[in-house]
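Note: the block below is input23.csv and it holds CSV, C-alpha atoms (C1' of nucleotides).
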chain,number,residue,atom,x,y,z
L,4,MET,CA,0.0,0.0,0.0
L,5,ALA,CA,2.8,2.3,0.8
L,6,ASP,CA,5.0,2.9,-2.2
L,7,GLU,CA,6.4,6.4,-2.1
L,8,ASN,CA,9.9,5.6,-1.1
L,9,ILE,CA,12.4,3.6,-3.2
L,10,SER,CA,12.6,0.7,-0.7
L,11,ASP,CA,8.9,0.1,-1.2
L,12,LEU,CA,9.4,0.2,-5.0
L,13,ILE,CA,12.2,-2.4,-4.8
L,14,GLU,CA,10.1,-4.6,-2.5
L,15,ARG,CA,7.2,-4.4,-5.0
L,16,TYR,CA,9.4,-5.2,-7.9
L,17,LEU,CA,10.8,-8.3,-6.2
L,18,LYS,CA,7.4,-9.4,-5.1
L,19,GLU,CA,6.0,-9.1,-8.5
L,20,ILE,CA,8.6,-11.5,-9.8
L,21,LEU,CA,7.9,-13.8,-6.9
L,22,ALA,CA,4.2,-13.8,-7.8
L,23,GLN,CA,5.2,-15.5,-11.0
L,24,ASN,CA,8.1,-17.6,-9.9
L,25,GLU,CA,8.8,-19.6,-6.7
L,26,GLN,CA,12.1,-17.7,-6.3
L,27,VAL,CA,14.0,-14.8,-7.6
L,28,LYS,CA,17.8,-14.6,-8.0
L,29,ILE,CA,19.4,-11.3,-8.4
L,30,ARG,CA,22.7,-9.6,-8.6
L,31,ARG,CA,22.7,-7.0,-5.9
L,32,SER,CA,24.5,-4.3,-7.8
L,33,GLU,CA,22.2,-4.8,-10.8
L,34,ILE,CA,19.1,-4.1,-8.8
L,35,ALA,CA,20.8,-1.3,-7.0
L,36,GLY,CA,21.7,0.2,-10.4
L,37,LEU,CA,18.2,-0.3,-11.7
L,38,PHE,CA,16.8,1.8,-8.9
L,39,ASP,CA,19.8,4.1,-8.6
L,40,VAL,CA,20.6,3.3,-5.0
L,41,VAL,CA,23.6,2.1,-3.2
L,42,PRO,CA,24.0,-1.7,-3.1
L,43,SER,CA,23.5,-1.9,0.6
L,44,GLN,CA,20.0,-0.6,0.3
L,45,ILE,CA,19.1,-3.9,-1.2
L,46,ASN,CA,20.2,-5.5,2.0
L,47,TYR,CA,18.0,-3.0,3.9
L,48,VAL,CA,15.0,-3.9,1.8
L,49,ILE,CA,15.6,-7.6,2.3
L,50,ASN,CA,16.2,-7.4,6.0
L,51,THR,CA,13.0,-5.3,6.6
L,52,ARG,CA,10.7,-6.9,4.1
L,53,PHE,CA,11.7,-10.4,3.3
L,54,THR,CA,12.1,-12.0,6.7
L,55,ILE,CA,11.3,-15.5,7.6
L,56,GLN,CA,8.2,-14.3,9.5
L,57,ASN,CA,7.0,-13.1,6.2
L,58,GLY,CA,7.6,-16.5,4.7
L,59,TYR,CA,10.7,-15.8,2.7
L,60,ILE,CA,14.1,-17.5,2.8
L,61,VAL,CA,17.1,-15.6,1.6
L,62,GLU,CA,20.3,-17.2,0.4
L,63,SER,CA,23.3,-15.5,-1.1
L,64,LYS,CA,26.8,-16.0,-2.3
L,65,ARG,CA,29.7,-13.6,-2.7
L,66,GLY,CA,32.5,-13.5,-5.1
L,67,GLY,CA,32.4,-13.9,-8.9
L,68,GLY,CA,28.9,-14.8,-10.1
L,69,GLY,CA,27.6,-14.0,-6.7
L,70,TYR,CA,23.9,-13.6,-6.1
L,71,ILE,CA,21.0,-13.1,-3.7
L,72,ARG,CA,18.2,-15.5,-4.0
L,73,ILE,CA,14.8,-15.0,-2.3
L,74,GLU,CA,12.5,-17.9,-2.0
L,75,LYS,CA,8.9,-17.9,-1.0
L,76,VAL,CA,8.5,-20.9,1.3
L,77,HIS,CA,5.3,-22.8,1.6
L,78,LEU,CA,4.6,-23.4,5.3
L,79,LEU,CA,3.6,-26.9,6.0
L,80,ASP,CA,0.4,-26.9,8.1
L,81,ASP,CA,-1.5,-24.5,10.3
L,82,ILE,CA,0.0,-25.8,13.5
L,83,ASP,CA,3.5,-25.4,12.2
L,84,VAL,CA,2.8,-21.9,11.1
L,85,LEU,CA,1.5,-20.9,14.6
L,86,ASN,CA,4.2,-22.7,16.4
L,87,SER,CA,7.0,-21.1,14.5
L,88,LEU,CA,5.4,-17.7,14.8
L,89,ILE,CA,5.1,-18.2,18.6
L,90,ASP,CA,8.7,-19.2,18.8
L,91,ALA,CA,9.7,-16.2,16.8
L,92,ILE,CA,7.9,-13.8,19.0
L,93,GLY,CA,9.7,-14.5,22.2
L,94,ASN,CA,8.8,-12.0,24.9
L,95,LYS,CA,9.0,-8.8,22.9
L,96,LEU,CA,7.2,-7.8,19.7
L,97,SER,CA,7.5,-4.6,17.8
L,98,LYS,CA,4.5,-3.1,16.0
L,99,ARG,CA,6.1,-3.8,12.6
L,100,ASP,CA,6.8,-7.4,13.4
L,101,SER,CA,3.3,-7.9,14.8
L,102,GLU,CA,1.8,-6.6,11.5
L,103,THR,CA,4.0,-8.9,9.6
L,104,ILE,CA,2.7,-11.8,11.7
L,105,VAL,CA,-0.9,-10.9,11.1
L,106,GLN,CA,-0.2,-10.6,7.4
L,107,THR,CA,1.3,-14.1,7.5
L,108,LEU,CA,-1.7,-15.5,9.3
L,109,TYR,CA,-3.9,-14.0,6.6
L,110,ASN,CA,-1.8,-15.2,3.8
L,111,ASN,CA,-2.0,-18.7,5.1
L,112,GLU,CA,-5.7,-18.4,5.4
L,113,LEU,CA,-5.7,-18.9,9.1
L,114,ILE,CA,-7.7,-15.7,9.7
L,115,ASN,CA,-10.0,-13.7,7.5
L,116,ARG,CA,-9.9,-9.9,6.9
L,117,ARG,CA,-12.3,-9.2,9.7
L,118,GLU,CA,-10.3,-11.2,12.1
L,119,VAL,CA,-7.2,-9.3,10.9
L,120,SER,CA,-8.6,-6.1,12.0
L,121,ILE,CA,-9.9,-7.4,15.3
L,122,ILE,CA,-6.5,-8.6,16.1
L,123,LEU,CA,-4.8,-5.4,15.0
L,124,ALA,CA,-7.2,-3.5,17.1
L,125,ALA,CA,-6.3,-5.6,20.1
L,126,ILE,CA,-2.6,-4.8,19.8
L,127,ASP,CA,-2.9,-1.3,18.6
L,128,LYS,CA,-0.4,1.0,20.1
L,129,ASP,CA,-3.1,3.4,21.4
L,130,ALA,CA,-4.8,0.4,23.1
L,131,ILE,CA,-1.9,-1.0,25.0
L,132,ASP,CA,0.4,1.9,25.6
L,133,LEU,CA,0.5,2.9,29.3
L,134,ASN,CA,3.1,5.1,30.9
L,135,SER,CA,1.7,4.9,34.4
L,136,SER,CA,2.1,1.6,36.1
L,137,ASP,CA,-1.6,1.1,36.1
L,138,LEU,CA,-3.8,-1.9,36.6
L,139,THR,CA,-4.9,-4.7,34.3
L,140,ASP,CA,-8.4,-3.4,34.2
L,141,ILE,CA,-7.4,-0.1,32.6
L,142,LEU,CA,-5.5,-2.0,30.0
L,143,ARG,CA,-8.3,-4.3,29.3
L,144,ALA,CA,-10.7,-1.4,29.0
L,145,ASN,CA,-8.4,0.1,26.3
L,146,ILE,CA,-8.2,-3.1,24.4
L,147,MET,CA,-12.0,-3.6,24.6
L,148,VAL,CA,-12.8,-0.1,23.4
L,149,SER,CA,-10.4,-0.5,20.6
L,150,ILE,CA,-12.1,-3.8,19.5
L,151,LEU,CA,-15.5,-2.2,19.8
L,152,ASN,CA,-14.4,0.6,17.6
L,153,ARG,CA,-13.2,-1.8,15.1
L,154,LEU,CA,-16.6,-3.5,15.0
L,155,ARG,CA,-18.2,-0.2,14.1
L,156,TYR,CA,-17.2,-0.3,10.5
L,157,GLU,CA,-17.1,-2.8,7.7
L,158,ARG,CA,-14.1,-4.0,5.9
Q,22,MET,CA,-21.0,31.1,13.2
Q,23,ALA,CA,-17.7,32.8,13.8
Q,24,ASP,CA,-15.9,29.6,12.9
Q,25,GLU,CA,-13.3,29.2,10.2
Q,26,ASN,CA,-10.1,29.1,12.2
Q,27,ILE,CA,-7.2,27.5,10.3
Q,28,SER,CA,-7.9,24.0,11.8
Q,29,ASP,CA,-11.4,24.2,10.4
Q,30,LEU,CA,-10.1,25.2,7.0
Q,31,ILE,CA,-7.7,22.3,7.0
Q,32,GLU,CA,-10.5,20.0,8.1
Q,33,ARG,CA,-12.7,21.2,5.3
Q,34,TYR,CA,-10.0,20.9,2.7
Q,35,LEU,CA,-9.4,17.3,3.6
Q,36,LYS,CA,-13.1,16.4,3.7
Q,37,GLU,CA,-13.6,17.9,0.3
Q,38,ILE,CA,-11.1,15.6,-1.0
Q,39,LEU,CA,-12.7,12.7,0.9
Q,40,ALA,CA,-16.0,13.6,-0.6
Q,41,GLN,CA,-14.5,12.6,-4.0
Q,42,ASN,CA,-12.2,9.8,-3.0
Q,43,GLU,CA,-12.3,7.0,-0.5
Q,44,GLN,CA,-9.1,8.1,1.0
Q,45,VAL,CA,-6.6,10.9,1.0
Q,46,LYS,CA,-2.9,10.6,1.4
Q,47,ILE,CA,-0.9,13.6,2.3
Q,48,ARG,CA,2.6,14.7,3.2
Q,49,ARG,CA,2.3,16.4,6.5
Q,50,SER,CA,4.7,19.2,5.8
Q,51,GLU,CA,3.1,19.9,2.5
Q,52,ILE,CA,-0.3,20.5,3.9
Q,53,ALA,CA,1.3,22.5,6.7
Q,54,GLY,CA,3.0,24.7,4.1
Q,55,LEU,CA,-0.2,25.1,2.2
Q,56,PHE,CA,-1.9,26.6,5.2
Q,57,ASP,CA,1.2,28.2,6.6
Q,58,VAL,CA,1.0,26.4,10.0
Q,59,VAL,CA,3.5,24.2,11.9
Q,60,PRO,CA,3.4,20.6,10.9
Q,61,SER,CA,2.1,19.4,14.2
Q,62,GLN,CA,-1.1,21.3,13.7
Q,63,ILE,CA,-1.9,18.7,11.1
Q,64,ASN,CA,-1.8,16.2,13.9
Q,65,TYR,CA,-4.1,18.4,16.0
Q,66,VAL,CA,-6.6,18.6,13.2
Q,67,ILE,CA,-6.5,14.8,12.6
Q,68,ASN,CA,-6.7,14.0,16.3
Q,69,THR,CA,-9.7,16.3,16.9
Q,70,ARG,CA,-11.6,15.8,13.7
Q,71,PHE,CA,-10.7,12.6,12.0
Q,72,THR,CA,-11.3,10.1,14.8
Q,73,ILE,CA,-12.8,6.6,14.5
Q,74,GLN,CA,-15.9,7.9,16.2
Q,75,ASN,CA,-16.4,10.1,13.2
Q,76,GLY,CA,-15.7,7.3,10.8
Q,77,TYR,CA,-12.2,7.9,9.8
Q,78,ILE,CA,-9.1,5.7,10.0
Q,79,VAL,CA,-5.7,7.3,9.9
Q,80,GLU,CA,-2.5,5.5,9.0
Q,81,SER,CA,0.9,7.0,8.7
Q,82,LYS,CA,4.5,6.3,8.0
Q,83,ARG,CA,7.7,8.2,8.9
Q,84,GLY,CA,11.0,8.4,7.1
Q,85,GLY,CA,11.7,9.1,3.5
Q,86,GLY,CA,8.5,9.1,1.5
Q,87,GLY,CA,6.5,9.2,4.7
Q,88,TYR,CA,2.8,10.1,4.6
Q,89,ILE,CA,-0.5,10.4,6.5
Q,90,ARG,CA,-3.4,8.6,5.0
Q,91,ILE,CA,-7.0,9.3,6.0
Q,92,GLU,CA,-9.7,6.8,5.1
Q,93,LYS,CA,-13.4,7.2,5.4
Q,94,VAL,CA,-15.1,4.0,6.5
Q,95,HIS,CA,-18.7,3.1,6.5
Q,96,LEU,CA,-20.2,2.9,9.9
Q,97,LEU,CA,-22.7,0.2,10.7
Q,98,ASP,CA,-26.3,0.8,11.8
Q,99,ASP,CA,-25.7,-1.1,15.0
Q,100,ILE,CA,-23.5,1.7,16.2
Q,101,ASP,CA,-25.9,2.5,19.1
Q,102,VAL,CA,-25.1,-0.7,20.8
Q,103,LEU,CA,-21.4,-0.2,20.5
Q,104,ASN,CA,-21.6,3.4,21.5
Q,105,SER,CA,-23.4,2.7,24.7
Q,106,LEU,CA,-21.1,-0.1,25.5
Q,107,ILE,CA,-18.1,2.1,25.0
Q,108,ASP,CA,-19.7,4.8,27.2
Q,109,ALA,CA,-20.4,2.2,29.9
Q,110,ILE,CA,-16.8,1.0,30.0
Q,111,GLY,CA,-15.2,4.2,30.9
Q,112,ASN,CA,-11.5,3.7,31.7
Q,113,LYS,CA,-11.8,0.6,33.8
Q,114,LEU,CA,-13.3,-2.8,33.1
Q,115,SER,CA,-13.4,-5.8,35.2
Q,116,LYS,CA,-13.1,-9.4,33.9
Q,117,ARG,CA,-16.7,-10.1,34.7
Q,118,ASP,CA,-18.0,-7.0,32.9
Q,119,SER,CA,-15.8,-7.6,29.9
Q,120,GLU,CA,-17.3,-11.1,29.6
Q,121,THR,CA,-20.8,-9.6,29.8
Q,122,ILE,CA,-19.9,-7.2,27.0
Q,123,VAL,CA,-18.6,-10.0,24.8
Q,124,GLN,CA,-21.8,-11.9,25.5
Q,125,THR,CA,-23.8,-8.9,24.5
Q,126,LEU,CA,-22.0,-8.5,21.3
Q,127,TYR,CA,-22.6,-12.1,20.5
Q,128,ASN,CA,-26.3,-12.0,21.4
Q,129,ASN,CA,-26.7,-9.0,19.1
Q,130,GLU,CA,-25.0,-10.9,16.3
Q,131,LEU,CA,-22.2,-8.4,16.1
Q,132,ILE,CA,-19.6,-11.1,16.4
Q,133,ASN,CA,-19.6,-14.8,15.8
Q,134,ARG,CA,-18.3,-17.6,18.1
Q,135,ARG,CA,-14.8,-17.5,16.7
Q,136,GLU,CA,-14.6,-13.8,17.2
Q,137,VAL,CA,-15.8,-14.2,20.7
Q,138,SER,CA,-12.8,-16.4,21.5
Q,139,ILE,CA,-10.4,-14.1,19.7
Q,140,ILE,CA,-11.5,-11.2,21.8
Q,141,LEU,CA,-11.5,-13.2,25.0
Q,142,ALA,CA,-8.0,-14.3,24.2
Q,143,ALA,CA,-6.9,-10.7,23.7
Q,144,ILE,CA,-8.1,-9.6,27.1
Q,145,ASP,CA,-7.4,-12.8,29.0
Q,146,LYS,CA,-6.0,-12.0,32.4
Q,147,ASP,CA,-2.8,-14.1,31.8
Q,148,ALA,CA,-2.2,-12.1,28.6
Q,149,ILE,CA,-2.4,-8.6,30.0
Q,150,ASP,CA,-1.4,-9.0,33.6
Q,151,LEU,CA,1.9,-7.3,34.3
Q,152,ASN,CA,3.3,-6.5,37.7
Q,153,SER,CA,6.4,-4.7,36.5
Q,154,SER,CA,5.9,-1.5,34.7
Q,155,ASP,CA,7.2,-3.0,31.6
Q,156,LEU,CA,7.1,-1.9,28.0
Q,157,THR,CA,4.5,-2.0,25.3
Q,158,ASP,CA,6.3,-4.6,23.3
Q,159,ILE,CA,6.2,-7.1,26.1
Q,160,LEU,CA,2.5,-6.6,26.5
Q,161,ARG,CA,1.8,-6.9,22.8
Q,162,ALA,CA,3.8,-10.1,22.7
Q,163,ASN,CA,1.7,-11.6,25.4
Q,164,ILE,CA,-1.5,-10.6,23.6
Q,165,MET,CA,-0.3,-12.0,20.3
Q,166,VAL,CA,0.8,-15.3,21.7
Q,167,SER,CA,-2.6,-15.6,23.4
Q,168,ILE,CA,-4.4,-15.1,20.2
Q,169,LEU,CA,-2.2,-17.4,18.3
Q,170,ASN,CA,-2.7,-20.1,20.9
Q,171,ARG,CA,-6.4,-19.7,20.5
Q,172,LEU,CA,-6.2,-20.2,16.8
Q,173,ARG,CA,-4.5,-23.6,17.3
Q,174,TYR,CA,-7.8,-25.3,18.0
Q,175,GLU,CA,-11.2,-25.2,16.3
Q,176,ARG,CA,-14.6,-24.5,17.7
D,17,DA,C1',-13.0,34.5,35.5
D,18,DA,C1',-12.8,30.2,34.1
D,19,DT,C1',-12.7,26.9,30.8
D,20,DT,C1',-12.0,25.0,26.4
D,21,DC,C1',-10.0,25.2,21.9
D,22,DT,C1',-6.2,26.5,18.9
D,23,DT,C1',-1.6,27.5,17.6
D,24,DT,C1',3.3,27.0,18.2
D,25,DG,C1',7.7,24.9,18.6
D,26,DA,C1',11.1,22.0,21.0
D,27,DC,C1',12.0,17.5,21.5
D,28,DT,C1',11.3,12.5,20.2
D,29,DA,C1',10.6,8.4,17.3
D,30,DA,C1',10.5,5.8,13.2
D,31,DT,C1',12.0,4.8,8.7
D,32,DA,C1',15.0,5.4,4.7
D,33,DT,C1',19.4,6.4,2.5
D,34,DT,C1',24.2,6.4,2.1
D,35,DG,C1',29.0,5.0,2.2
D,36,DA,C1',33.2,3.3,4.4
D,37,DC,C1',34.8,-0.8,5.8
D,38,DT,C1',34.7,-6.0,6.1
D,39,DA,C1',34.0,-10.9,4.5
D,40,DT,C1',33.6,-14.4,1.2
D,41,DT,C1',34.2,-16.6,-3.1
D,42,DA,C1',36.1,-17.0,-7.8
D,43,DT,C1',39.6,-16.2,-11.0
D,44,DT,C1',44.2,-15.3,-12.4
D,45,DA,C1',49.2,-15.3,-12.0
D,46,DT,C1',53.3,-17.4,-10.3
M,21,DA,C1',49.4,-25.6,-5.3
M,22,DT,C1',49.7,-21.1,-3.6
M,23,DA,C1',49.3,-16.4,-3.6
M,24,DA,C1',47.5,-12.3,-5.4
M,25,DT,C1',43.7,-10.0,-7.3
M,26,DA,C1',39.1,-9.3,-8.7
M,27,DA,C1',34.3,-9.6,-7.9
M,28,DT,C1',31.0,-10.1,-5.5
M,29,DA,C1',27.7,-9.5,-0.9
M,30,DG,C1',27.4,-8.1,4.4
M,31,DT,C1',27.7,-5.0,8.4
M,32,DC,C1',27.2,-1.0,10.8
M,33,DA,C1',27.0,3.6,11.9
M,34,DA,C1',26.2,8.2,10.3
M,35,DT,C1',22.9,11.1,8.1
M,36,DA,C1',18.6,12.4,6.1
M,37,DT,C1',13.7,12.5,6.0
M,38,DT,C1',9.8,12.1,7.4
M,39,DA,C1',5.7,12.0,11.4
M,40,DG,C1',4.4,12.1,16.6
M,41,DT,C1',4.2,14.0,21.4
M,42,DC,C1',3.6,17.2,24.7
M,43,DA,C1',3.3,21.2,27.1
M,44,DA,C1',3.2,26.1,27.0
M,45,DA,C1',1.2,30.3,25.1
M,46,DG,C1',-2.6,32.5,22.9
M,47,DA,C1',-7.5,33.0,21.5
M,48,DA,C1',-12.2,32.1,21.8
M,49,DT,C1',-16.2,30.8,24.4
M,50,DT,C1',-19.0,30.2,28.5

For the file at hand, write its structure as structure tokens.
Amino acid sequence: MADENISDLIERYLKEILAQNEQVKIRRSEIAGLFDVVPSQINYVINTRFTIQNGYIVESKRGGGGYIRIEKVHLLDDIDVLNSLIDAIGNKLSKRDSETIVQTLYNNELINRREVSIILAAIDKDAIDLNSSDLTDILRANIMVSILNRLRYER
Amino acid sequence: MADENISDLIERYLKEILAQNEQVKIRRSEIAGLFDVVPSQINYVINTRFTIQNGYIVESKRGGGGYIRIEKVHLLDDIDVLNSLIDAIGNKLSKRDSETIVQTLYNNELINRREVSIILAAIDKDAIDLNSSDLTDILRANIMVSILNRLRYER
DNA sequence: AATTCTTTGACTAATATTGACTATTATTAT
DNA sequence: ATAATAATAGTCAATATTAGTCAAAGAATT
């Protein structure tokens, strides 16, 4: 949805290829030249947008004939997806990573669009951000209001 | 009406665009420059006039190519139920009351059984209980794991 | 007078871009 | 074979580019 910066354009470019093929193999400097950015920006795009949580495996090789290969992996079954996501979360989870996870759940058809937004509402920053060391009830109230607000509109 | 302060003008400007399009995507500094105000006034306008209660969803992104996107969503007719529930909650909510609310939502066919359990997972005591004044990410991780665990079984 | 709403700006946070330096692999020269 | 060199990709920190927060000052309303 957001394609105003070059990193987003590169991401989209690569994902368009991946929509056709199971994998894409690039020469880093070539893509960098194509979009007129420094080569290391390709690493930035890959590190922020083609993570394992997103369902991508990245392999590379240096030296002559070097390459970066991005492969879209097919996750085995639902339980495996959930287990690996739970493992990946640990005890901290950034907003960005949480959105990636919800996207993965949706891509694997574990949740539908409506459930996506319910979940995003539950973990919305405004819902769970608390400076004061306040009580569980306050937090739960925030989350509940957030979810109720979600239910007020369609799609 | 002696209205028409600058915030009102900005509001009107954005709503005129939204009357034509489903959403509007702006660069904060651009709009600020257009109306000759400091950028943070755009946040003020959005926070006071484009709330979810009014039927607007706002998304943004920082960094190069950053933006603010305002989307108008269609509010459901059942809003009265939701509004009164939100009013009733206030800023605290006990476990018992939260369960009553979820039950009400289900009885009014605003959510289905699956969504009931997703929501209950999101506000589960074990998920949101924290003694230490810890950070948002820890909390979000707890909520997400709780939701994921719920999705592991069917019913 | 008091209260609420608006305006402003200093400070913070998130994300993107760049480039110097490093690491690895392949190729070429000895 | 071994060493030197070339050809790649990786890392990391500095810088740039946005938007967000918050509180104080000012203006409007009650």

Can you check which residues of chain M have any atom within 12 Å of chain L? Use only C-alpha atoms (C1' of nucleotides) and format it as a PyMOL selection string.
chain M and resi 25-32+37-38

Let me see the file: selected residues, C-alpha atoms (C1' of nucleotides), as a compact mmCIF listing (two decimals), in the coordinates of the input.
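Listed below is the output, part31.txt:
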# COMPACT_ATOMS: atom_id res chain seq x y z
C1' DT M 25 43.70 -10.00 -7.30
C1' DA M 26 39.10 -9.30 -8.70
C1' DA M 27 34.30 -9.60 -7.90
C1' DT M 28 31.00 -10.10 -5.50
C1' DA M 29 27.70 -9.50 -0.90
C1' DG M 30 27.40 -8.10 4.40
C1' DT M 31 27.70 -5.00 8.40
C1' DC M 32 27.20 -1.00 10.80
C1' DT M 37 13.70 12.50 6.00
C1' DT M 38 9.80 12.10 7.40

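Across the model, the gap from atom C1' of DA43 of chain M to atom C1' of DT23 of chain D is 12.4 Å.
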
May I have the residues of chain D within 6 Å of chain L, counting all atoms listed in the file, written as number ranges by chain?
D: 40-42

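With all atoms listed in the file as the basis for measurement, Q:Tyr77 is the residue among Q:Tyr34, Q:Phe71, Q:Tyr77, Q:Phe56 that approaches chain L most closely.
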
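Taking atom CA of His77 of chain L and atom CA of Arg99 of chain L as the two end points, the separation is 22.0 Å.
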
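The two atoms in question, atom CA of Ile78 of chain Q and atom CA of Ile38 of chain Q, are spaced 14.9 Å apart.
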
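Among the candidates L:Ser97, L:Gln23, L:Asn111, L:Ser87, the residue lying nearest to chain Q is L:Ser97 (atoms considered: all atoms listed in the file).
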
Shell around Val27 of chain L at 9 Å using only C-alpha atoms (C1' of nucleotides), local window under 4 positions removed, as a ChimeraX atom specification:
/L:17-18,20-21,71-75

Using C-alpha atoms, can you write the selected residues to a file as a PDB file, in the coordinates of the input?
ATOM      1  CA  LEU L  17      10.800  -8.300  -6.200  1.00  0.00           C
ATOM      2  CA  LYS L  18       7.400  -9.400  -5.100  1.00  0.00           C
ATOM      3  CA  ILE L  20       8.600 -11.500  -9.800  1.00  0.00           C
ATOM      4  CA  LEU L  21       7.900 -13.800  -6.900  1.00  0.00           C
ATOM      5  CA  ILE L  71      21.000 -13.100  -3.700  1.00  0.00           C
ATOM      6  CA  ARG L  72      18.200 -15.500  -4.000  1.00  0.00           C
ATOM      7  CA  ILE L  73      14.800 -15.000  -2.300  1.00  0.00           C
ATOM      8  CA  GLU L  74      12.500 -17.900  -2.000  1.00  0.00           C
ATOM      9  CA  LYS L  75       8.900 -17.900  -1.000  1.00  0.00           C
TER      10      LYS L  75
END

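Proximity to chain L was assessed for Q:Val123, Q:Leu97, Q:Arg70, Q:Glu80 counting all atoms listed in the file; the smallest distance is recorded for Q:Leu97.
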
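Shortest separation to chain Q among L:Val119, L:Ile49, L:Ile34, L:Ile89 occurs at residue L:Ile89, atoms counted being all atoms listed in the file.
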
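Distances from Q:Ile47, Q:Val79, Q:Leu30, Q:Ile73 to chain L were compared using only C-alpha atoms, and the smallest one belongs to Q:Ile73.
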
Export of segment 104-152 of chain Q: C-alpha atoms, as a short mmCIF file (atom, residue, chain, number, x, y, z; two decimals), in the first residue's frame:
data_model
loop_
_atom_site.label_atom_id
_atom_site.label_comp_id
_atom_site.auth_asym_id
_atom_site.auth_seq_id
_atom_site.Cartn_x
_atom_site.Cartn_y
_atom_site.Cartn_z
CA ASN Q 104 -21.56 3.41 21.48
CA SER Q 105 -23.42 2.69 24.66
CA LEU Q 106 -21.06 -0.14 25.49
CA ILE Q 107 -18.09 2.13 24.99
CA ASP Q 108 -19.67 4.75 27.18
CA ALA Q 109 -20.38 2.20 29.86
CA ILE Q 110 -16.81 0.99 29.98
CA GLY Q 111 -15.16 4.22 30.92
CA ASN Q 112 -11.51 3.73 31.72
CA LYS Q 113 -11.75 0.60 33.81
CA LEU Q 114 -13.26 -2.77 33.09
CA SER Q 115 -13.43 -5.85 35.25
CA LYS Q 116 -13.10 -9.36 33.89
CA ARG Q 117 -16.72 -10.06 34.69
CA ASP Q 118 -17.97 -6.95 32.92
CA SER Q 119 -15.83 -7.64 29.90
CA GLU Q 120 -17.34 -11.09 29.58
CA THR Q 121 -20.80 -9.57 29.79
CA ILE Q 122 -19.91 -7.22 26.99
CA VAL Q 123 -18.62 -9.95 24.76
CA GLN Q 124 -21.78 -11.91 25.46
CA THR Q 125 -23.85 -8.87 24.50
CA LEU Q 126 -21.95 -8.51 21.26
CA TYR Q 127 -22.61 -12.15 20.47
CA ASN Q 128 -26.29 -11.97 21.42
CA ASN Q 129 -26.67 -8.99 19.11
CA GLU Q 130 -24.96 -10.95 16.35
CA LEU Q 131 -22.21 -8.38 16.07
CA ILE Q 132 -19.59 -11.09 16.40
CA ASN Q 133 -19.57 -14.83 15.85
CA ARG Q 134 -18.30 -17.57 18.13
CA ARG Q 135 -14.84 -17.54 16.69
CA GLU Q 136 -14.55 -13.81 17.15
CA VAL Q 137 -15.75 -14.18 20.72
CA SER Q 138 -12.81 -16.36 21.52
CA ILE Q 139 -10.36 -14.14 19.69
CA ILE Q 140 -11.49 -11.21 21.76
CA LEU Q 141 -11.49 -13.15 24.99
CA ALA Q 142 -7.98 -14.25 24.18
CA ALA Q 143 -6.93 -10.68 23.66
CA ILE Q 144 -8.14 -9.60 27.08
CA ASP Q 145 -7.36 -12.76 28.95
CA LYS Q 146 -5.96 -12.05 32.40
CA ASP Q 147 -2.83 -14.06 31.78
CA ALA Q 148 -2.21 -12.08 28.62
CA ILE Q 149 -2.41 -8.60 30.00
CA ASP Q 150 -1.39 -9.01 33.61
CA LEU Q 151 1.92 -7.33 34.33
CA ASN Q 152 3.31 -6.47 37.73
#
